[in-house]
Amino acid sequence: MRNRSLLILTAVVTTGALTLTACGSRDDDKKGDSGGDKTTVVIGMDGPLTGAQSALGQGIKNSVDLAIKIANEKNEVPGVQFKQEAYDDQALPASGQTNATKLVGNEDVLGVVGPLNSNVAQSMQGVFARADLVQVSPSNTNPALSQGDKWGSGEKKRPFKTYFRTATTDVIQGKFAATYLYNDAKKRKVFVVDDKQTYGAGLAAIFADEFKKLGGTIAGEDKVTVKTTDFAATADKVKASGADSVFYGGQYPEGGLVADQVKKAGANIPTMGGDALYDPAFIKASGQSNEGDLATSVGYPVEQLPTAKEFVEKYKAGNYKDPYSAYGGYSYDATWAIIQAVKKVVEENDGKLPKDARAKVTEAMSKVAFDGVTGKVSFDDFGDTTNKQLTVYTVKNGTWQSIKSDTFND
């Protein structure tokens, strides 16, 4: 979307902890409010904590919290106490921009995890860049965020040096979905629907282009509006087209209803979408059986990764109200990446934070590398993750189950 370390290993960028001097304070000896002799470093978080996508937002927030707790327990950065400052953007770009301004205004914030949605990220990037404040999204997948608006023509230019992500892009995800639907599911005639938003429209376009290159046919296309519930007209178009499948670019609240109403119109065909559909709420949104519906999601299933075992156990032990959901592991890794960047900056400044800590942390982020919950965590020249793993899920017996995982390169 946008829509999984623990103690994992020491970052490759670090070469051994140094004893902090000056009580771990910044160059100006300013101490934080954490008590004792530790300097407070705040890691911001932005995502939808209320509203239709709150399950994903809460999973991100809780995973950030878990990473911070583990870092503090381990004394990962001697002399530094981490804390989280979380903001609710309600999946609205305007709210995200306001939250970004608030986070920039707190000088203790040295990194931000989020947001969930690509269109919200577009409204925040410039605010963070002007303040040299690094952000790491666990879920944004729109290529333009890191490669510029002309990425599709091959003219890639990084818009903001402060922007990073632990989720792979829709260039990878869209092609992966098309390849699976054509080669594995043997579908040949797909009807493409999107919600006109940054994430949904972009993913649908990449999917459709790749599906045609593989030899498939686009039976028809339609656009829907978010926060509406009546998609009967779209469902009728799908039925009339004779399509053998639907690809939906958008979020699960509308995607679940589209899948439901397509079946009610008499088209007993699967609906496929991206990571924004991969949520139990997609299934709950439908009154019809979702058996056979499909979704791709970034990375391998967390529950199946040996590197994620400790994360899953500790999350459960944390008694969080909400599940870590699709992006918990990526949120943990995004937080850990910020922590490792702070650690590098502290070690290279005689055990204390420099006055230009934000700029230094941004610089250090490009060199961060460690084995995380979701696999190897590192970033390329655009700030994109080097991890290109994806998974296809299908609805079986009322739950999402993984059916294929692979590493896909465009």
# chains A, B, ... in the order shown; residues from 1 in each chain; ligands from 1
>>> select_by_dssp(residues="range 105-326 of chain A", states="helix (DSSP H, G or I)", output="number ranges by chain")
A: 105, 118-130, 144-147, 151-153, 170-184, 198-213, 232-241, 252-264, 280-284, 302-304, 306-317
>>> residues_around(residues="Gly287 in chain A", least_positions_apart="6", cutoff="12 Å", atoms="only C-alpha atoms", output="JSON, numbers by chain")
{"A": [256, 257, 258, 259, 260, 261, 262, 263, 264, 281, 398]}
>>> select_by_dssp(residues="range 180-294 of chain A", states="strand (DSSP E or B)", output="list in words")
Lys189, Val190, Phe191, Val192, Val193, Asp194, Thr217, Ile218, Ala219, Gly220, Glu221, Asp222, Lys223, Ser245, Val246, Phe247, Tyr248, Gly249, Thr271, Met272, Gly273 and Leu294 of chain A
>>> atom_distance(atom1="CA of Ile218 in chain A", atom2="CA of Leu116 in chain A")
29.4 Å
>>> closest_residue(among="A:Glu221, A:Arg358, A:Asp230, A:Tyr315", to="Arg130 in chain A", atoms="only C-alpha atoms")
A:Arg358
>>> closest_residue(among="A:Ala204, A:Leu353, A:Ala144, A:Val190", to="Gly174 in chain A", atoms="only C-alpha atoms")
A:Ala204
>>> residues_around(residues="range 336-338 of chain A", least_positions_apart="2", cutoff="10 Å", atoms="only C-alpha atoms", output="VMD selection string")
chain A and resid 5 to 8 11 43 64 67 to 68 70 to 71 110 to 113 134 to 136 166 330 to 334 340 to 344 361 to 362 364 to 370 372 to 373 377 to 378
>>> residues_around(residues="Thr385 in chain A", least_positions_apart="6", cutoff="10 Å", atoms="only C-alpha atoms", output="PyMOL selection string")
chain A and resi 138+164-169+376-379
>>> closest_residue(among="A:Thr101, A:Asn106, A:Ser118, A:Ser63", to="Thr40 in chain A", atoms="only C-alpha atoms")
A:Asn106
>>> closest_residue(among="A:Ala276, A:Ile60, A:Ala240, A:Ala357", to="Ser297 in chain A", atoms="only C-alpha atoms")
A:Ala276
>>> closest_residue(among="A:Pro301, A:Phe231, A:Phe191, A:Asn349", to="Gly216 in chain A", atoms="only C-alpha atoms")
A:Phe191
>>> residues_around(residues="Ala267 in chain A", least_positions_apart="4", cutoff="9 Å", atoms="only C-alpha atoms", output="list in words")
Ala235, Asp236, Val238, Lys239, Ala240, Gly242, Ala243, Asp244, Ser245, Val262 and Lys263 of chain A
>>> closest_residue(among="A:Gly126, A:Gly59, A:Gly114, A:Gly44", to="Gln84 in chain A", atoms="only C-alpha atoms")
A:Gly44
>>> residues_around(residues="Gln389 in chain A", least_positions_apart="2", cutoff="12 Å", atoms="only C-alpha atoms", output="JSON, numbers by chain")
{"A": [166, 167, 168, 169, 172, 173, 176, 296, 297, 298, 299, 300, 301, 302, 305, 374, 375, 376, 377, 385, 386, 387, 391, 392, 404, 405, 406, 407, 408, 409, 410]}
>>> residues_around(residues="Phe247 in chain A", least_positions_apart="4", cutoff="9 Å", atoms="only C-alpha atoms", output="list in words")
Val190, Phe191, Val192, Val193, Asp194, Ala204, Phe207, Ala208, Pro270, Thr271, Met272, Gly273 and Gly274 of chain A
>>> write_last_selection(atoms="N, CA, C and O atoms", output="PDB file, in the first residue's frame")
ATOM      1  N   VAL A 190      -9.353 -10.327 -17.758  1.00  0.00           N
ATOM      2  CA  VAL A 190      -9.568  -9.694 -16.457  1.00  0.00           C
ATOM      3  C   VAL A 190     -10.220  -8.324 -16.607  1.00  0.00           C
ATOM      4  O   VAL A 190      -9.918  -7.566 -17.533  1.00  0.00           O
ATOM      5  N   PHE A 191     -11.124  -8.019 -15.707  1.00  0.00           N
ATOM      6  CA  PHE A 191     -11.758  -6.700 -15.632  1.00  0.00           C
ATOM      7  C   PHE A 191     -11.055  -5.918 -14.529  1.00  0.00           C
ATOM      8  O   PHE A 191     -10.946  -6.396 -13.395  1.00  0.00           O
ATOM      9  N   VAL A 192     -10.564  -4.730 -14.848  1.00  0.00           N
ATOM     10  CA  VAL A 192      -9.752  -3.953 -13.905  1.00  0.00           C
ATOM     11  C   VAL A 192     -10.555  -2.784 -13.324  1.00  0.00           C
ATOM     12  O   VAL A 192     -11.136  -1.985 -14.067  1.00  0.00           O
ATOM     13  N   VAL A 193     -10.566  -2.686 -12.004  1.00  0.00           N
ATOM     14  CA  VAL A 193     -11.275  -1.627 -11.289  1.00  0.00           C
ATOM     15  C   VAL A 193     -10.302  -0.947 -10.333  1.00  0.00           C
ATOM     16  O   VAL A 193      -9.460  -1.619  -9.721  1.00  0.00           O
ATOM     17  N   ASP A 194     -10.378   0.367 -10.204  1.00  0.00           N
ATOM     18  CA  ASP A 194      -9.560   1.050  -9.189  1.00  0.00           C
ATOM     19  C   ASP A 194     -10.360   2.161  -8.526  1.00  0.00           C
ATOM     20  O   ASP A 194     -11.430   2.566  -9.005  1.00  0.00           O
ATOM     21  N   ALA A 204      -3.216  -0.722 -10.183  1.00  0.00           N
ATOM     22  CA  ALA A 204      -4.059  -1.282 -11.240  1.00  0.00           C
ATOM     23  C   ALA A 204      -3.426  -1.076 -12.618  1.00  0.00           C
ATOM     24  O   ALA A 204      -3.465  -1.970 -13.472  1.00  0.00           O
ATOM     25  N   PHE A 207      -0.456  -3.453 -13.019  1.00  0.00           N
ATOM     26  CA  PHE A 207      -0.982  -4.809 -13.212  1.00  0.00           C
ATOM     27  C   PHE A 207      -1.493  -4.994 -14.641  1.00  0.00           C
ATOM     28  O   PHE A 207      -1.156  -5.980 -15.315  1.00  0.00           O
ATOM     29  N   ALA A 208      -2.338  -4.077 -15.100  1.00  0.00           N
ATOM     30  CA  ALA A 208      -2.951  -4.202 -16.424  1.00  0.00           C
ATOM     31  C   ALA A 208      -1.905  -4.227 -17.527  1.00  0.00           C
ATOM     32  O   ALA A 208      -1.996  -5.026 -18.479  1.00  0.00           O
ATOM     33  N   PRO A 270     -13.154 -14.919  -9.380  1.00  0.00           N
ATOM     34  CA  PRO A 270     -12.367 -14.380  -8.272  1.00  0.00           C
ATOM     35  C   PRO A 270     -12.000 -12.906  -8.460  1.00  0.00           C
ATOM     36  O   PRO A 270     -11.803 -12.439  -9.584  1.00  0.00           O
ATOM     37  N   THR A 271     -11.931 -12.208  -7.355  1.00  0.00           N
ATOM     38  CA  THR A 271     -11.393 -10.848  -7.317  1.00  0.00           C
ATOM     39  C   THR A 271      -9.996 -10.911  -6.735  1.00  0.00           C
ATOM     40  O   THR A 271      -9.765 -11.570  -5.725  1.00  0.00           O
ATOM     41  N   MET A 272      -9.066 -10.221  -7.388  1.00  0.00           N
ATOM     42  CA  MET A 272      -7.690 -10.161  -6.902  1.00  0.00           C
ATOM     43  C   MET A 272      -7.322  -8.705  -6.657  1.00  0.00           C
ATOM     44  O   MET A 272      -7.841  -7.796  -7.315  1.00  0.00           O
ATOM     45  N   GLY A 273      -6.456  -8.474  -5.695  1.00  0.00           N
ATOM     46  CA  GLY A 273      -5.986  -7.126  -5.421  1.00  0.00           C
ATOM     47  C   GLY A 273      -4.612  -7.156  -4.808  1.00  0.00           C
ATOM     48  O   GLY A 273      -3.981  -8.217  -4.712  1.00  0.00           O
ATOM     49  N   GLY A 274      -4.147  -6.002  -4.372  1.00  0.00           N
ATOM     50  CA  GLY A 274      -2.833  -5.896  -3.764  1.00  0.00           C
ATOM     51  C   GLY A 274      -2.884  -6.060  -2.260  1.00  0.00           C
ATOM     52  O   GLY A 274      -3.862  -6.572  -1.696  1.00  0.00           O
TER      53      GLY A 274
END
>>> atom_distance(atom1="CA of Leu66 in chain A", atom2="CA of Pro93 in chain A")
26.5 Å
